[in-house]
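Below you'll find the structure, written out as structure tokens, and then a few comments.
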Amino acid sequence: MNMKLRGKDVLATALITSLIAATACSSKTENSPQPSASATASATAAQTPESKKVLEVSTIREGDPYLKFDAGETFDNNSVYAAYEKDVGVKITNQWVAADNNQFKEKLKIAIASNDIPDFMLVDATQLQQLIEADMIMDITSVYDKFATPETKKFMQADGGTQMKSATFGGKLMAIPSTSNPYYAQFLYVRTDWLKKLNLPEPKTMQDLMTIAEAFKTKDPGGTGRAYGIAFNKDMKEDGATGFIGFMNGYHAYMDSNADSNHWIDDGTGKLVKGYVQPQMKEALKALQDMFKKGLIDPEFAVKDTQKESELIFGNNIGLVYGAEWVPAHLATGAIKDGKQVQEWGVYPIPSVDNKPAKAQIGIGGDRYYVVSKKAKNPEAVMRLLNQWIIADNNQTEDNKVYEFGKDRVEKKNNYWLLNPLRVGSLSNNNGEVLPKAIAAKDASMAKTKDQKSRYERAMKYVNGDTSMWWEYWISGPKGSYSLIPDMKKNNQFEQTKFFGAPTPTMVEKNAILEKKRDEVFFKIIMNQVSVDEFDKFVADWKKLGGDQITKEVNDWYAKNK
């Protein structure tokens with residue numbers, strides 16, 4: 001499970017945290033091309049200790065606040081590790097375990113610098129490049145070709161091969177990408193009870209959005225005496241809830257985001273250009289500045305994180321917010337009180353500023369990688385772990401539930417799936433095609449995957465009166481966020497980054513400075529502290545301070561990787 005939201009302060013309560021664990025982490029459970037029952041059985045049989053000796057591999061682990069161990073178990077001794085040894089003959093040992101993400105980053109940095117890495121580990125794109133240059137990791141092309149099962153190879157190519165290509169350098173497979181579904185769209189969420197109250201139309205254009213925002217501000221349908229039009233927070237790259245990304249996409253402007261940290265687009269001539277320095281971004285910033293001047297944006301947004309800004313949403317001060325498909329789980333804090341629904345929300349595609357449909361920006365789906373040390377004696381064992389994870393996660397049986405729930409094989413919100421040391425998520429998804437129809441028809445047989453079955457069951461609880469499952473209905477139901485994705489795919493309404501290489505040398509050296517300058521200028525423009533023309537000066541400075549060189553390096557990469 002690729003926990004895309006882990007580390008973000010997006011939820012107020014442990015309840016909503018558990019909901020996000022079921023929604024934002026959907027890259028673990030979303031469907032992919034699945035091995036058939038016979039293929040699964042034969043693949044498992046082919047990997048049993050009877051036919052292969054037990055192989056030992058070392059790794060490193062990161063503590064997680066959502067992981068709760070069963071009595072007597074630890075990172076070093078647990079039922080998940082025991083299952084891998086029993087089922088596929090791989091004994092996993094931990095070279096070290098970090099207490100949390102910050103400690104993990106520091107210890108990993110030291111391990112790489114001292115050339116003291118385990119047999120396999122998870123790294124980011126920059127570290128992957130460093131390890132390749134330091135000749136510390138193995139070319140796993142032949143290992144993958146020989147030991148990855150046909151089902152695994154099919155699974156890992158479900159996006160057309162982009163994520164695997166991102167781990168390939170000079171024709172050599174240098175890592176296994178920690179894959180996920182790239183189609184994490186941005187949507188506009190609106191208080192539909194307020195639309196009805198004020199007799200306003202549903203938003204189809206950017207002008208509609210502006211009209212709604214002004215009405216929500218001036219007419220104060222929440223009756224709080226402190227109303228604003230739309231919610232934003234201090235993180236310019238936020239792509240969860242209360243972010244700017246969806247709004248900017250409505251102006252055909254593309255910002256680096258937390259999920260897609262390096263967004264580059266084709267300029268129409270076959271060359272790549274940085275999204276946030278294009279003229280469309282100036283138009284988006286001008287619109288935000290105009291909204292700020294009218295009081296449609298919380299004047300304190302620039303010092304508030306998602307959770308703090310969301311207090312205004314939960315408290316009936318704001319009725320418009322951009323965010324990802326899981327945002328209803330976040331909105332549930334304000335929408336459901338004491339078992340009763342007190343707010344009504346609707347989800348809509350991103351409104352466009354002109355007659356061209358807005359495109360939601362997306363990354364490639366994976367930005368971290370499993371690498372194998374050159375010193376590893378048993379690289380085949382890493383492939384066994386990969387094969388078994390894909391089988392267990394996509395073809396759950398009573399026996400292999402241990403990989404998700406632990407030895408008792410019962411869901412108790414202990415997040416035992418985090419113990420799996422090598423996890424890849426679905427590279428494709430058809431929840432939007434399946435779930436809305438299944439829920440509308442009340443036909444459980446239409447839900448085929450584990451994720452679809454879980455979502456169907458939760459949504460039907462809401463249909464049958466359980467308001468605690470409101471959030472799932474507005475993700476998976478007939479008018480939920482998932483229901484919008486099929487048409488977005490059909491109408492080519494996704495703008496996927498064209499660059500998926502490792503950070504270039506000048507990026508490594510200059511990006512932090514350039515991004516700090518960008519945020520500083522963009523916030524000043526939005527808050528009307530400087531003219532929108534400061535954008536032009538920023539672009540000129542960006543080019544001089546390293547942007548032009550980065551653009552050259554990106555296009556050199558693109559020429560080799562189109």
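In the structure tokens, the first chain shown is A, the next is B, and so on; residue numbers restart at 1 for each chain, and ligands run from 1 in the order shown.
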
All residues 12 Å or closer to Gly225 (chain A), only C-alpha atoms, same chain fewer than 5 positions away omitted, as a ChimeraX atom specification: /A:216-220,312,315-318

Residue neighbourhood Asn431 (chain A), 12 Å, only C-alpha atoms, exclusion window fewer than 5 positions, as a PyMOL selection string: chain A and resi 26-27+29-32+181+183+325+426+436-439+446-456+475-478+480-486

Those residues you just picked out, can you put them in a file as a CSV table (one decimal), in the first residue's frame with N, CA, C and O atoms?
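Below you can see out-v1.csv, which holds the result:
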chain,number,residue,atom,x,y,z
A,26,SER,N,-5.6,3.7,-1.3
A,26,SER,CA,-6.2,2.8,-2.2
A,26,SER,C,-5.3,2.2,-3.2
A,26,SER,O,-5.6,1.3,-3.9
A,27,SER,N,-4.1,2.8,-3.3
A,27,SER,CA,-3.1,2.3,-4.3
A,27,SER,C,-2.8,0.8,-3.9
A,27,SER,O,-2.3,0.1,-4.8
A,29,THR,N,-5.0,-1.4,-2.7
A,29,THR,CA,-6.1,-2.3,-2.9
A,29,THR,C,-6.8,-2.1,-4.2
A,29,THR,O,-7.7,-2.9,-4.6
A,30,GLU,N,-6.5,-1.1,-5.0
A,30,GLU,CA,-7.2,-0.9,-6.2
A,30,GLU,C,-6.8,-2.1,-7.2
A,30,GLU,O,-5.7,-2.7,-7.1
A,31,ASN,N,-7.7,-2.3,-8.1
A,31,ASN,CA,-7.5,-3.5,-8.9
A,31,ASN,C,-6.5,-3.3,-10.0
A,31,ASN,O,-6.3,-2.3,-10.6
A,32,SER,N,-5.8,-4.4,-10.3
A,32,SER,CA,-4.9,-4.5,-11.4
A,32,SER,C,-5.2,-5.8,-12.2
A,32,SER,O,-6.0,-6.6,-11.7
A,181,ASN,N,-1.5,3.6,-8.9
A,181,ASN,CA,-2.3,4.1,-10.0
A,181,ASN,C,-2.1,5.6,-10.1
A,181,ASN,O,-2.2,6.3,-9.2
A,183,TYR,N,-3.8,7.8,-11.7
A,183,TYR,CA,-5.0,8.6,-12.0
A,183,TYR,C,-5.7,9.1,-10.7
A,183,TYR,O,-6.8,8.8,-10.4
A,325,GLU,N,-9.8,12.5,-4.7
A,325,GLU,CA,-11.0,11.8,-4.7
A,325,GLU,C,-11.4,11.3,-3.3
A,325,GLU,O,-12.6,11.0,-3.0
A,426,SER,N,-1.5,-1.1,-7.4
A,426,SER,CA,-2.1,-1.2,-8.7
A,426,SER,C,-1.7,-0.1,-9.6
A,426,SER,O,-1.6,1.1,-9.2
A,436,PRO,N,-19.9,2.8,-9.1
A,436,PRO,CA,-21.2,3.6,-9.1
A,436,PRO,C,-22.4,2.8,-9.7
A,436,PRO,O,-23.5,2.9,-9.1
A,437,LYS,N,-22.1,1.9,-10.7
A,437,LYS,CA,-23.2,1.1,-11.2
A,437,LYS,C,-23.6,0.0,-10.2
A,437,LYS,O,-24.8,-0.2,-10.1
A,438,ALA,N,-22.6,-0.6,-9.6
A,438,ALA,CA,-22.9,-1.6,-8.6
A,438,ALA,C,-23.8,-1.1,-7.5
A,438,ALA,O,-24.8,-1.7,-7.0
A,439,ILE,N,-23.4,0.1,-7.0
A,439,ILE,CA,-24.1,0.7,-5.8
A,439,ILE,C,-25.5,1.1,-6.2
A,439,ILE,O,-26.5,0.9,-5.5
A,446,MET,N,-21.3,-7.3,-8.9
A,446,MET,CA,-20.5,-6.5,-9.9
A,446,MET,C,-19.1,-6.1,-9.3
A,446,MET,O,-18.2,-5.7,-10.1
A,447,ALA,N,-19.0,-6.1,-8.0
A,447,ALA,CA,-17.7,-5.7,-7.4
A,447,ALA,C,-16.8,-7.0,-7.4
A,447,ALA,O,-17.2,-8.0,-6.8
A,448,LYS,N,-15.7,-6.8,-8.1
A,448,LYS,CA,-14.9,-8.0,-8.3
A,448,LYS,C,-13.6,-8.0,-7.4
A,448,LYS,O,-13.2,-9.1,-7.0
A,449,THR,N,-13.0,-6.9,-7.2
A,449,THR,CA,-11.7,-6.9,-6.5
A,449,THR,C,-12.0,-6.7,-5.0
A,449,THR,O,-13.1,-6.3,-4.6
A,450,LYS,N,-10.9,-7.0,-4.2
A,450,LYS,CA,-11.0,-6.8,-2.8
A,450,LYS,C,-11.4,-5.4,-2.4
A,450,LYS,O,-12.3,-5.2,-1.6
A,451,ASP,N,-10.8,-4.4,-3.1
A,451,ASP,CA,-11.1,-3.0,-2.8
A,451,ASP,C,-12.6,-2.7,-3.2
A,451,ASP,O,-13.3,-2.0,-2.4
A,452,GLN,N,-13.0,-3.2,-4.3
A,452,GLN,CA,-14.4,-2.9,-4.8
A,452,GLN,C,-15.4,-3.5,-3.8
A,452,GLN,O,-16.4,-2.9,-3.5
A,453,LYS,N,-15.1,-4.7,-3.3
A,453,LYS,CA,-16.0,-5.3,-2.4
A,453,LYS,C,-16.1,-4.6,-1.1
A,453,LYS,O,-17.2,-4.4,-0.6
A,454,SER,N,-15.0,-4.1,-0.6
A,454,SER,CA,-15.0,-3.4,0.7
A,454,SER,C,-15.7,-2.0,0.5
A,454,SER,O,-16.5,-1.7,1.4
A,455,ARG,N,-15.5,-1.4,-0.6
A,455,ARG,CA,-16.1,-0.1,-0.8
A,455,ARG,C,-17.6,-0.2,-1.1
A,455,ARG,O,-18.4,0.6,-0.6
A,456,TYR,N,-18.0,-1.3,-1.8
A,456,TYR,CA,-19.4,-1.5,-2.0
A,456,TYR,C,-20.1,-1.8,-0.7
A,456,TYR,O,-21.2,-1.2,-0.4
A,475,ILE,N,-17.5,8.9,-2.4
A,475,ILE,CA,-16.3,8.6,-3.2
A,475,ILE,C,-16.8,7.6,-4.3
A,475,ILE,O,-16.4,7.7,-5.4
A,476,SER,N,-17.5,6.5,-3.9
A,476,SER,CA,-17.8,5.4,-4.8
A,476,SER,C,-19.1,5.3,-5.4
A,476,SER,O,-19.4,4.5,-6.3
A,477,GLY,N,-20.1,6.1,-4.9
A,477,GLY,CA,-21.5,6.0,-5.3
A,477,GLY,C,-21.7,6.6,-6.7
A,477,GLY,O,-20.8,7.1,-7.4
A,478,PRO,N,-23.0,6.6,-7.1
A,478,PRO,CA,-23.4,7.1,-8.5
A,478,PRO,C,-23.0,8.5,-8.8
A,478,PRO,O,-22.7,8.8,-10.0
A,480,GLY,N,-20.4,10.0,-6.9
A,480,GLY,CA,-19.2,10.2,-6.2
A,480,GLY,C,-18.0,10.6,-7.1
A,480,GLY,O,-18.1,10.6,-8.3
A,481,SER,N,-16.9,10.8,-6.4
A,481,SER,CA,-15.7,11.3,-7.2
A,481,SER,C,-15.2,10.2,-8.2
A,481,SER,O,-14.8,10.6,-9.3
A,482,TYR,N,-15.3,9.0,-7.8
A,482,TYR,CA,-14.8,7.9,-8.7
A,482,TYR,C,-15.7,7.9,-10.0
A,482,TYR,O,-15.2,7.6,-11.1
A,483,SER,N,-16.9,8.3,-9.9
A,483,SER,CA,-17.8,8.2,-11.0
A,483,SER,C,-17.4,9.2,-12.1
A,483,SER,O,-17.8,9.0,-13.3
A,484,LEU,N,-16.6,10.2,-11.8
A,484,LEU,CA,-16.2,11.2,-12.8
A,484,LEU,C,-15.0,10.8,-13.6
A,484,LEU,O,-14.7,11.3,-14.7
A,485,ILE,N,-14.2,9.8,-13.1
A,485,ILE,CA,-12.9,9.5,-13.7
A,485,ILE,C,-13.1,8.8,-15.1
A,485,ILE,O,-12.3,9.2,-16.0
A,486,PRO,N,-14.0,7.9,-15.3
A,486,PRO,CA,-14.1,7.3,-16.6
A,486,PRO,C,-14.3,8.3,-17.8
A,486,PRO,O,-13.6,8.2,-18.8

10 Å contact set for Ile112 (chain A), only C-alpha atoms, chain neighbours under 3 positions out, as a PyMOL selection string: chain A and resi 107-109+115-118+127+130-131+134+136

Print the selection's residues with C-alpha atoms to a file, as a tab-separated table (two decimals), in the first residue's frame.
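As written to disk, out_37.tsv reads:
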chain	number	residue	atom	x	y	z
A	107	LYS	CA	19.89	6.82	8.97
A	108	LEU	CA	19.42	6.05	5.28
A	109	LYS	CA	21.52	9.06	4.34
A	115	ASN	CA	28.29	2.23	1.70
A	116	ASP	CA	26.60	0.20	4.41
A	117	ILE	CA	23.28	-0.68	2.84
A	118	PRO	CA	21.16	-3.84	3.25
A	127	GLN	CA	18.91	8.37	-3.95
A	130	GLN	CA	23.21	8.47	-6.31
A	131	LEU	CA	23.39	4.72	-5.80
A	134	ALA	CA	28.28	5.16	-6.76
A	136	MET	CA	26.39	0.37	-5.13

DSSP strand (DSSP E or B) selection over region 224-318 of chain A, as a ChimeraX atom specification: /A:230-231,241,264-266,272-274,297

I need the chosen residues saved as a PDB file, in the first residue's frame, with C-alpha atoms.
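Result file follows (out.pdb):
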ATOM      1  CA  ILE A 230     -13.255  29.041  -1.097  1.00  0.00           C
ATOM      2  CA  ALA A 231     -10.702  27.218   1.065  1.00  0.00           C
ATOM      3  CA  ALA A 241      -7.700  18.968   0.506  1.00  0.00           C
ATOM      4  CA  TRP A 264       6.868  19.245 -16.986  1.00  0.00           C
ATOM      5  CA  ILE A 265       4.626  19.672 -20.024  1.00  0.00           C
ATOM      6  CA  ASP A 266       5.110  19.556 -23.787  1.00  0.00           C
ATOM      7  CA  LEU A 272       9.453  20.164 -22.371  1.00  0.00           C
ATOM      8  CA  VAL A 273       8.845  23.269 -20.280  1.00  0.00           C
ATOM      9  CA  LYS A 274       8.272  23.785 -16.570  1.00  0.00           C
ATOM     10  CA  ILE A 297     -10.294  33.780   0.496  1.00  0.00           C
TER      11      ILE A 297
END

In region 360-547 of chain A, DSSP helix (DSSP H, G or I) residues written as a PyMOL selection string: chain A and resi 379-394+402-405+416-419+431-441+444-446+450-463+467-476+481-490+505-526+534-547

Counting only C-alpha atoms, the option among A:Ala512, A:Ala253, A:Ala167, A:Leu198 closest to Lys282 (chain A): A:Ala253

Residues near Phe538 (chain A), cut-off 8 Å, only C-alpha atoms, skip fewer than 6 positions along chain, as a PDB file with all heavy atoms, in the first residue's frame:
ATOM      1  N   LYS A 517      11.761  30.713  -3.803  1.00  0.00           N
ATOM      2  CA  LYS A 517      11.472  31.989  -4.473  1.00  0.00           C
ATOM      3  C   LYS A 517      10.075  31.964  -5.091  1.00  0.00           C
ATOM      4  O   LYS A 517       9.316  32.932  -5.003  1.00  0.00           O
ATOM      5  CB  LYS A 517      12.529  32.247  -5.551  1.00  0.00           C
ATOM      6  CG  LYS A 517      12.360  33.561  -6.318  1.00  0.00           C
ATOM      7  CD  LYS A 517      12.653  34.758  -5.440  1.00  0.00           C
ATOM      8  CE  LYS A 517      12.648  36.043  -6.241  1.00  0.00           C
ATOM      9  NZ  LYS A 517      12.799  37.242  -5.360  1.00  0.00           N
ATOM     10  N   ARG A 518       9.729  30.846  -5.719  1.00  0.00           N
ATOM     11  CA  ARG A 518       8.402  30.703  -6.327  1.00  0.00           C
ATOM     12  C   ARG A 518       7.300  30.898  -5.294  1.00  0.00           C
ATOM     13  O   ARG A 518       6.371  31.699  -5.501  1.00  0.00           O
ATOM     14  CB  ARG A 518       8.282  29.302  -6.934  1.00  0.00           C
ATOM     15  CG  ARG A 518       6.894  28.943  -7.470  1.00  0.00           C
ATOM     16  CD  ARG A 518       6.730  27.440  -7.596  1.00  0.00           C
ATOM     17  NE  ARG A 518       6.752  26.795  -6.286  1.00  0.00           N
ATOM     18  CZ  ARG A 518       7.024  25.515  -6.093  1.00  0.00           C
ATOM     19  NH1 ARG A 518       7.309  24.733  -7.116  1.00  0.00           N
ATOM     20  NH2 ARG A 518       7.032  24.995  -4.873  1.00  0.00           N
ATOM     21  N   VAL A 521       7.005  34.574  -4.076  1.00  0.00           N
ATOM     22  CA  VAL A 521       6.404  35.487  -5.055  1.00  0.00           C
ATOM     23  C   VAL A 521       4.921  35.165  -5.259  1.00  0.00           C
ATOM     24  O   VAL A 521       4.079  36.069  -5.285  1.00  0.00           O
ATOM     25  CB  VAL A 521       7.166  35.427  -6.398  1.00  0.00           C
ATOM     26  CG1 VAL A 521       6.437  36.213  -7.481  1.00  0.00           C
ATOM     27  CG2 VAL A 521       8.590  35.950  -6.226  1.00  0.00           C
TER      28      VAL A 521
END

Surrounding residues of region 63-72 of chain A excluding itself and chain neighbours under 5 positions, 7 Å, only C-alpha atoms, as JSON, numbers by chain: {"A": [97, 98, 99, 100, 414, 415, 416, 418]}

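With distances restricted to only C-alpha atoms, A:Val371 is the closest residue to Ala125 (chain A) from A:Met206, A:Val371, A:Val463, A:Ala227.
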
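Nearest-residue note for Gly346 (chain A): choosing from A:Val88, A:Leu195, A:Ile132, A:Val303, the minimum distance belongs to A:Leu195, counting only C-alpha atoms.
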
Spatial neighbours of Met460 (chain A), max dist 10 Å, only C-alpha atoms, sep filter under 5 positions, as a list in words: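 With the cut-off at 10 Å, the set is Ala438, Ile439, Ala440, Lys442, Asp443, Ala444, Arg455, Gly465, Asp466, Met469, Trp470, Glu472, Tyr473 and Gly477 of chain A.
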
Minimum-distance residue to Ile390 (chain A), chosen among A:Glu151, A:Asp76, A:Glu457, A:Asp354 (using only C-alpha atoms):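 Result for the nearest residue to Ile390 (chain A): A:Glu151.
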
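For the set A:Asn528, A:Asn94, A:Ser310, A:Asn561, the residue with the smallest atom-to-atom gap to Thr162 (chain A) is A:Asn561, counting only C-alpha atoms.
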